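Q: Sending over work-v4.cif (mmCIF, N, CA and C atoms).
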```cif
data_entry
#
loop_
_atom_site.group_PDB
_atom_site.id
_atom_site.type_symbol
_atom_site.label_atom_id
_atom_site.label_comp_id
_atom_site.auth_asym_id
_atom_site.auth_seq_id
_atom_site.Cartn_x
_atom_site.Cartn_y
_atom_site.Cartn_z
ATOM 1 N N MET A 27 129.613 143.173 74.709
ATOM 2 C CA MET A 27 130.651 144.053 74.202
ATOM 3 C C MET A 27 130.514 145.417 74.866
ATOM 4 N N LYS A 28 131.637 145.917 75.378
ATOM 5 C CA LYS A 28 131.674 147.246 75.986
ATOM 6 C C LYS A 28 132.533 148.162 75.128
ATOM 7 N N ILE A 29 132.192 149.437 75.173
ATOM 8 C CA ILE A 29 133.026 150.449 74.532
ATOM 9 C C ILE A 29 133.735 151.197 75.653
ATOM 10 N N ASN A 30 135.051 151.249 75.560
ATOM 11 C CA ASN A 30 135.894 151.845 76.590
ATOM 12 C C ASN A 30 136.627 153.051 76.026
ATOM 13 N N ILE A 31 137.027 153.952 76.925
ATOM 14 C CA ILE A 31 137.808 155.116 76.522
ATOM 15 C C ILE A 31 138.884 155.370 77.573
ATOM 16 N N THR A 32 140.086 155.700 77.120
ATOM 17 C CA THR A 32 141.181 155.965 78.050
ATOM 18 C C THR A 32 141.082 157.385 78.605
ATOM 19 N N ASN A 33 141.673 157.559 79.791
ATOM 20 C CA ASN A 33 141.666 158.857 80.454
ATOM 21 C C ASN A 33 142.915 158.956 81.319
ATOM 22 N N ILE A 34 143.556 160.122 81.344
ATOM 23 C CA ILE A 34 144.766 160.291 82.146
ATOM 24 C C ILE A 34 144.459 161.000 83.459
ATOM 25 N N TYR A 35 145.265 160.660 84.465
ATOM 26 C CA TYR A 35 145.196 161.268 85.792
ATOM 27 C C TYR A 35 146.610 161.558 86.261
ATOM 28 N N GLY A 36 146.746 162.412 87.262
ATOM 29 C CA GLY A 36 148.033 162.646 87.894
ATOM 30 C C GLY A 36 148.830 163.811 87.347
ATOM 31 N N MET A 37 148.283 164.526 86.391
ATOM 32 C CA MET A 37 148.957 165.714 85.865
ATOM 33 C C MET A 37 148.401 166.942 86.592
ATOM 34 N N SER A 38 149.015 168.063 86.371
ATOM 35 C CA SER A 38 148.525 169.321 86.924
ATOM 36 C C SER A 38 147.087 169.555 86.471
ATOM 37 N N GLY A 39 146.278 170.093 87.356
ATOM 38 C CA GLY A 39 144.903 170.426 87.002
ATOM 39 C C GLY A 39 144.805 171.481 85.915
ATOM 40 N N GLN A 40 145.923 172.137 85.620
ATOM 41 C CA GLN A 40 145.996 173.150 84.569
ATOM 42 C C GLN A 40 146.377 172.545 83.216
ATOM 43 N N SER A 41 146.725 171.266 83.197
ATOM 44 C CA SER A 41 147.201 170.605 81.982
ATOM 45 C C SER A 41 146.111 170.550 80.915
ATOM 46 N N THR A 42 146.427 171.073 79.746
ATOM 47 C CA THR A 42 145.479 171.051 78.633
ATOM 48 C C THR A 42 145.118 169.622 78.251
ATOM 49 N N ALA A 43 146.113 168.731 78.227
ATOM 50 C CA ALA A 43 145.859 167.326 77.872
ATOM 51 C C ALA A 43 144.915 166.679 78.875
ATOM 52 N N LEU A 44 145.156 166.891 80.165
ATOM 53 C CA LEU A 44 144.302 166.313 81.198
ATOM 54 C C LEU A 44 142.882 166.857 81.098
ATOM 55 N N ILE A 45 142.750 168.153 80.974
ATOM 56 C CA ILE A 45 141.423 168.770 80.883
ATOM 57 C C ILE A 45 140.671 168.250 79.665
ATOM 58 N N ALA A 46 141.337 168.202 78.517
ATOM 59 C CA ALA A 46 140.686 167.749 77.284
ATOM 60 C C ALA A 46 140.225 166.300 77.402
ATOM 61 N N GLN A 47 141.095 165.431 77.917
ATOM 62 C CA GLN A 47 140.721 164.024 78.035
ATOM 63 C C GLN A 47 139.617 163.830 79.073
ATOM 64 N N ASN A 48 139.718 164.511 80.209
ATOM 65 C CA ASN A 48 138.689 164.391 81.243
ATOM 66 C C ASN A 48 137.326 164.848 80.736
ATOM 67 N N GLU A 49 137.290 165.952 80.003
ATOM 68 C CA GLU A 49 136.022 166.453 79.465
ATOM 69 C C GLU A 49 135.451 165.500 78.411
ATOM 70 N N THR A 50 136.320 164.936 77.588
ATOM 71 C CA THR A 50 135.870 163.973 76.578
ATOM 72 C C THR A 50 135.265 162.745 77.246
ATOM 73 N N VAL A 51 135.886 162.282 78.321
ATOM 74 C CA VAL A 51 135.374 161.107 79.039
ATOM 75 C C VAL A 51 134.029 161.413 79.693
ATOM 76 N N LYS A 52 133.844 162.621 80.201
ATOM 77 C CA LYS A 52 132.542 162.994 80.775
ATOM 78 C C LYS A 52 131.433 162.818 79.743
ATOM 79 N N ILE A 53 131.692 163.267 78.525
ATOM 80 C CA ILE A 53 130.710 163.127 77.443
ATOM 81 C C ILE A 53 130.529 161.656 77.083
ATOM 82 N N ALA A 54 131.644 160.930 76.966
ATOM 83 C CA ALA A 54 131.587 159.514 76.582
ATOM 84 C C ALA A 54 130.806 158.684 77.601
ATOM 85 N N LYS A 55 130.945 158.992 78.880
ATOM 86 C CA LYS A 55 130.217 158.245 79.912
ATOM 87 C C LYS A 55 128.708 158.410 79.760
ATOM 88 N N LYS A 56 128.271 159.574 79.282
ATOM 89 C CA LYS A 56 126.844 159.785 79.025
ATOM 90 C C LYS A 56 126.351 158.898 77.885
ATOM 91 N N LEU A 57 127.298 158.423 77.070
ATOM 92 C CA LEU A 57 126.981 157.527 75.956
ATOM 93 C C LEU A 57 127.300 156.072 76.312
ATOM 94 N N ASP A 58 127.425 155.790 77.614
ATOM 95 C CA ASP A 58 127.674 154.443 78.156
ATOM 96 C C ASP A 58 129.055 153.872 77.871
ATOM 97 N N PHE A 59 130.047 154.729 77.660
ATOM 98 C CA PHE A 59 131.429 154.267 77.558
ATOM 99 C C PHE A 59 131.925 153.933 78.966
ATOM 100 N N HIS A 60 132.906 153.050 79.041
ATOM 101 C CA HIS A 60 133.558 152.692 80.299
ATOM 102 C C HIS A 60 134.973 153.261 80.282
ATOM 103 N N GLU A 61 135.415 153.752 81.422
ATOM 104 C CA GLU A 61 136.715 154.426 81.495
ATOM 105 C C GLU A 61 137.859 153.460 81.799
ATOM 106 N N LEU A 62 138.969 153.634 81.070
ATOM 107 C CA LEU A 62 140.229 152.952 81.357
ATOM 108 C C LEU A 62 141.209 154.033 81.801
ATOM 109 N N SER A 63 141.609 154.006 83.056
ATOM 110 C CA SER A 63 142.432 155.073 83.630
ATOM 111 C C SER A 63 143.922 154.814 83.467
ATOM 112 N N PHE A 64 144.641 155.848 83.047
ATOM 113 C CA PHE A 64 146.098 155.835 82.988
ATOM 114 C C PHE A 64 146.591 156.925 83.920
ATOM 115 N N TYR A 65 147.516 156.575 84.805
ATOM 116 C CA TYR A 65 148.071 157.554 85.731
ATOM 117 C C TYR A 65 149.414 158.035 85.202
ATOM 118 N N PHE A 66 149.614 159.337 85.193
ATOM 119 C CA PHE A 66 150.867 159.940 84.736
ATOM 120 C C PHE A 66 151.906 159.845 85.848
ATOM 121 N N TYR A 67 153.028 159.228 85.564
ATOM 122 C CA TYR A 67 154.100 159.077 86.544
ATOM 123 C C TYR A 67 155.416 158.863 85.800
ATOM 124 N N ASN A 68 156.508 158.837 86.529
ATOM 125 C CA ASN A 68 157.826 158.636 85.931
ATOM 126 C C ASN A 68 158.033 157.153 85.623
ATOM 127 N N ILE A 69 157.786 156.761 84.383
ATOM 128 C CA ILE A 69 157.892 155.345 84.021
ATOM 129 C C ILE A 69 159.324 154.846 84.026
ATOM 130 N N TYR A 70 160.279 155.744 83.987
ATOM 131 C CA TYR A 70 161.677 155.321 83.912
ATOM 132 C C TYR A 70 162.180 154.726 85.224
ATOM 133 N N SER A 71 161.401 154.847 86.285
ATOM 134 C CA SER A 71 161.783 154.235 87.557
ATOM 135 C C SER A 71 161.283 152.793 87.664
ATOM 136 N N ASP A 72 160.449 152.351 86.725
ATOM 137 C CA ASP A 72 159.887 150.994 86.742
ATOM 138 C C ASP A 72 160.676 150.047 85.848
ATOM 139 N N SER A 73 160.717 148.786 86.246
ATOM 140 C CA SER A 73 161.314 147.752 85.395
ATOM 141 C C SER A 73 160.298 147.378 84.316
ATOM 142 N N GLU A 74 160.736 146.619 83.331
ATOM 143 C CA GLU A 74 159.819 146.167 82.280
ATOM 144 C C GLU A 74 158.684 145.338 82.883
ATOM 145 N N GLY A 75 159.000 144.520 83.872
ATOM 146 C CA GLY A 75 157.973 143.708 84.538
ATOM 147 C C GLY A 75 156.937 144.557 85.253
ATOM 148 N N GLU A 76 157.405 145.619 85.920
ATOM 149 C CA GLU A 76 156.479 146.517 86.615
ATOM 150 C C GLU A 76 155.578 147.247 85.622
ATOM 151 N N LEU A 77 156.149 147.665 84.497
ATOM 152 C CA LEU A 77 155.340 148.324 83.466
ATOM 153 C C LEU A 77 154.286 147.371 82.922
ATOM 154 N N ASN A 78 154.664 146.119 82.686
ATOM 155 C CA ASN A 78 153.705 145.118 82.208
ATOM 156 C C ASN A 78 152.589 144.900 83.222
ATOM 157 N N SER A 79 152.927 144.882 84.505
ATOM 158 C CA SER A 79 151.918 144.711 85.553
ATOM 159 C C SER A 79 150.941 145.877 85.568
ATOM 160 N N ARG A 80 151.467 147.086 85.410
ATOM 161 C CA ARG A 80 150.587 148.267 85.370
ATOM 162 C C ARG A 80 149.617 148.182 84.189
ATOM 163 N N LEU A 81 150.154 147.813 83.024
ATOM 164 C CA LEU A 81 149.308 147.705 81.839
ATOM 165 C C LEU A 81 148.281 146.586 82.000
ATOM 166 N N ASP A 82 148.678 145.470 82.593
ATOM 167 C CA ASP A 82 147.732 144.382 82.862
ATOM 168 C C ASP A 82 146.578 144.872 83.725
ATOM 169 N N GLY A 83 146.885 145.714 84.709
ATOM 170 C CA GLY A 83 145.847 146.262 85.574
ATOM 171 C C GLY A 83 144.860 147.136 84.824
ATOM 172 N N VAL A 84 145.364 147.935 83.899
ATOM 173 C CA VAL A 84 144.496 148.805 83.094
ATOM 174 C C VAL A 84 143.618 147.962 82.173
ATOM 175 N N LEU A 85 144.211 146.940 81.570
ATOM 176 C CA LEU A 85 143.503 146.140 80.568
ATOM 177 C C LEU A 85 142.639 145.033 81.165
ATOM 178 N N ALA A 86 142.697 144.827 82.469
ATOM 179 C CA ALA A 86 141.941 143.749 83.110
ATOM 180 C C ALA A 86 140.433 143.884 82.903
ATOM 181 N N LYS A 87 139.954 145.086 82.701
ATOM 182 C CA LYS A 87 138.521 145.328 82.495
ATOM 183 C C LYS A 87 138.024 144.846 81.139
ATOM 184 N N LEU A 88 138.947 144.625 80.213
ATOM 185 C CA LEU A 88 138.550 144.326 78.840
ATOM 186 C C LEU A 88 138.169 142.870 78.651
ATOM 187 N N GLY A 89 137.180 142.664 77.797
ATOM 188 C CA GLY A 89 136.758 141.325 77.423
ATOM 189 C C GLY A 89 136.820 141.163 75.917
ATOM 190 N N TYR A 90 136.636 139.931 75.476
ATOM 191 C CA TYR A 90 136.670 139.632 74.050
ATOM 192 C C TYR A 90 135.629 140.481 73.316
ATOM 193 N N GLY A 91 136.045 141.133 72.250
ATOM 194 C CA GLY A 91 135.137 141.925 71.427
ATOM 195 C C GLY A 91 134.936 143.355 71.902
ATOM 196 N N ASP A 92 135.512 143.705 73.052
ATOM 197 C CA ASP A 92 135.391 145.082 73.536
ATOM 198 C C ASP A 92 136.142 146.036 72.608
ATOM 199 N N ILE A 93 135.693 147.264 72.602
ATOM 200 C CA ILE A 93 136.301 148.318 71.787
ATOM 201 C C ILE A 93 136.971 149.318 72.725
ATOM 202 N N VAL A 94 138.149 149.813 72.326
ATOM 203 C CA VAL A 94 138.855 150.828 73.111
ATOM 204 C C VAL A 94 139.088 152.060 72.246
ATOM 205 N N VAL A 95 138.647 153.207 72.742
ATOM 206 C CA VAL A 95 138.972 154.494 72.134
ATOM 207 C C VAL A 95 140.170 155.011 72.917
ATOM 208 N N TYR A 96 141.312 155.081 72.247
ATOM 209 C CA TYR A 96 142.566 155.460 72.904
ATOM 210 C C TYR A 96 142.823 156.945 72.705
ATOM 211 N N GLN A 97 142.835 157.688 73.815
ATOM 212 C CA GLN A 97 143.149 159.115 73.752
ATOM 213 C C GLN A 97 144.657 159.287 73.923
ATOM 214 N N SER A 98 145.268 159.885 72.959
ATOM 215 C CA SER A 98 146.710 160.065 72.964
ATOM 216 C C SER A 98 147.022 161.555 73.063
ATOM 217 N N PRO A 99 148.102 161.928 73.695
ATOM 218 C CA PRO A 99 149.138 161.114 74.329
ATOM 219 C C PRO A 99 148.821 160.849 75.792
ATOM 220 N N THR A 100 149.527 159.867 76.371
ATOM 221 C CA THR A 100 149.446 159.632 77.815
ATOM 222 C C THR A 100 150.593 160.336 78.517
ATOM 223 N N TRP A 101 151.587 160.790 77.754
ATOM 224 C CA TRP A 101 152.767 161.491 78.264
ATOM 225 C C TRP A 101 153.648 160.601 79.133
ATOM 226 N N ASN A 102 153.518 159.288 79.011
ATOM 227 C CA ASN A 102 154.322 158.387 79.830
ATOM 228 C C ASN A 102 155.575 157.880 79.136
ATOM 229 N N GLY A 103 155.877 158.335 77.951
ATOM 230 C CA GLY A 103 157.143 158.011 77.298
ATOM 231 C C GLY A 103 157.286 156.582 76.825
ATOM 232 N N ARG A 104 158.543 156.253 76.510
ATOM 233 C CA ARG A 104 158.937 154.950 75.961
ATOM 234 C C ARG A 104 158.126 154.628 74.754
#
```
I'd like the structure from this file rewritten - as structure tokens, please.

A:
Amino acid sequence: MKINITNIYGMSGQSTALIAQNETVKIAKKLDFHELSFYFYNIYSDSEGELNSRLDGVLAKLGYGDIVVYQSPTWNGR
């Protein structure tokens, strides 16, 4: 069983949300958490299938019984 934590990328380096999540993940990694990366982009240009593929890529690291700490928001809408 792994403990995972989400983290956002692709926002301005000045973004409070990005800074807060990145700093939280730095601490979590010291506690043996594994990172699940979410990239900030315009989701409205993707089809439902493309969005599902992106999510499949993020979740591919997960196994049965793994725990995910979800940092919200991702700012990706929908």

Q: Given the PyMOL selection byres (((chain A and resi 60-71 and name CA) around 7) and name CA) and the file above, list the residues it selects as a ChimeraX atom specification.

A: /A:29-37,55,58-59,72-73,84,101-102

Q: Report, in Å with one decimal, the straight-line distance from CA of Thr42 in chain A to CA of Glu76 in chain A.

A: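 Atom-to-atom, CA of Thr42 in chain A to CA of Glu76 in chain A, that is 28.0 Å.
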
Q: Identify, with DSSP run on backbone atoms, the residues in chain A assigned to strand (DSSP E), and express the list as JSON, numbers by chain.

A: {"A": [29, 30, 31, 32, 33, 34, 35, 60, 61, 62, 63, 64, 65, 93, 94, 95]}

Q: Could you tell me how far CA of Val94 in chain A lies from CA of Ala54 in chain A, in Å and to one decimal?

A: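 So the two atoms, CA of Val94 in chain A and CA of Ala54 in chain A, lie 11.8 Å apart.
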
Q: So how far away is CA of Asn48 in chain A from atom N of Arg80 in chain A, in Å?

A: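 That distance, rounded to one decimal, is 21.9 Å.
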
Q: Among chain A, which ones does DSSP place in alpha helix (DSSP H), written as number ranges by chain?

A: A: 42-56, 74-85

Q: Using all atoms listed in the file, pick whichever of A:Leu77, A:Ser98, A:Ser41, A:Ile93 has the shortest atom-to-atom distance to Lys28 in chain A.

A: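 Nearest candidate to Lys28 in chain A out of A:Leu77, A:Ser98, A:Ser41, A:Ile93: A:Ile93.
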
Q: Taking only N, CA and C atoms into account, name the residue in A:Gly89, A:Ile53, A:Pro99, A:Gly39 that is nearest to Met27 in chain A.

A: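 Checking each of A:Gly89, A:Ile53, A:Pro99, A:Gly39 against Met27 in chain A, counting only N, CA and C atoms, the winner is A:Gly89.
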
Q: Extending 5 Å beyond the listed atoms of range 69-83 of chain A on each side, what axis-aligned box results? I want centre and edge lengths in Å to one decimal, as JSON.

A:
```
{"center_x": 153.5, "center_y": 150.2, "center_z": 84.8, "size_x": 27.3, "size_y": 23.1, "size_z": 15.8}
```
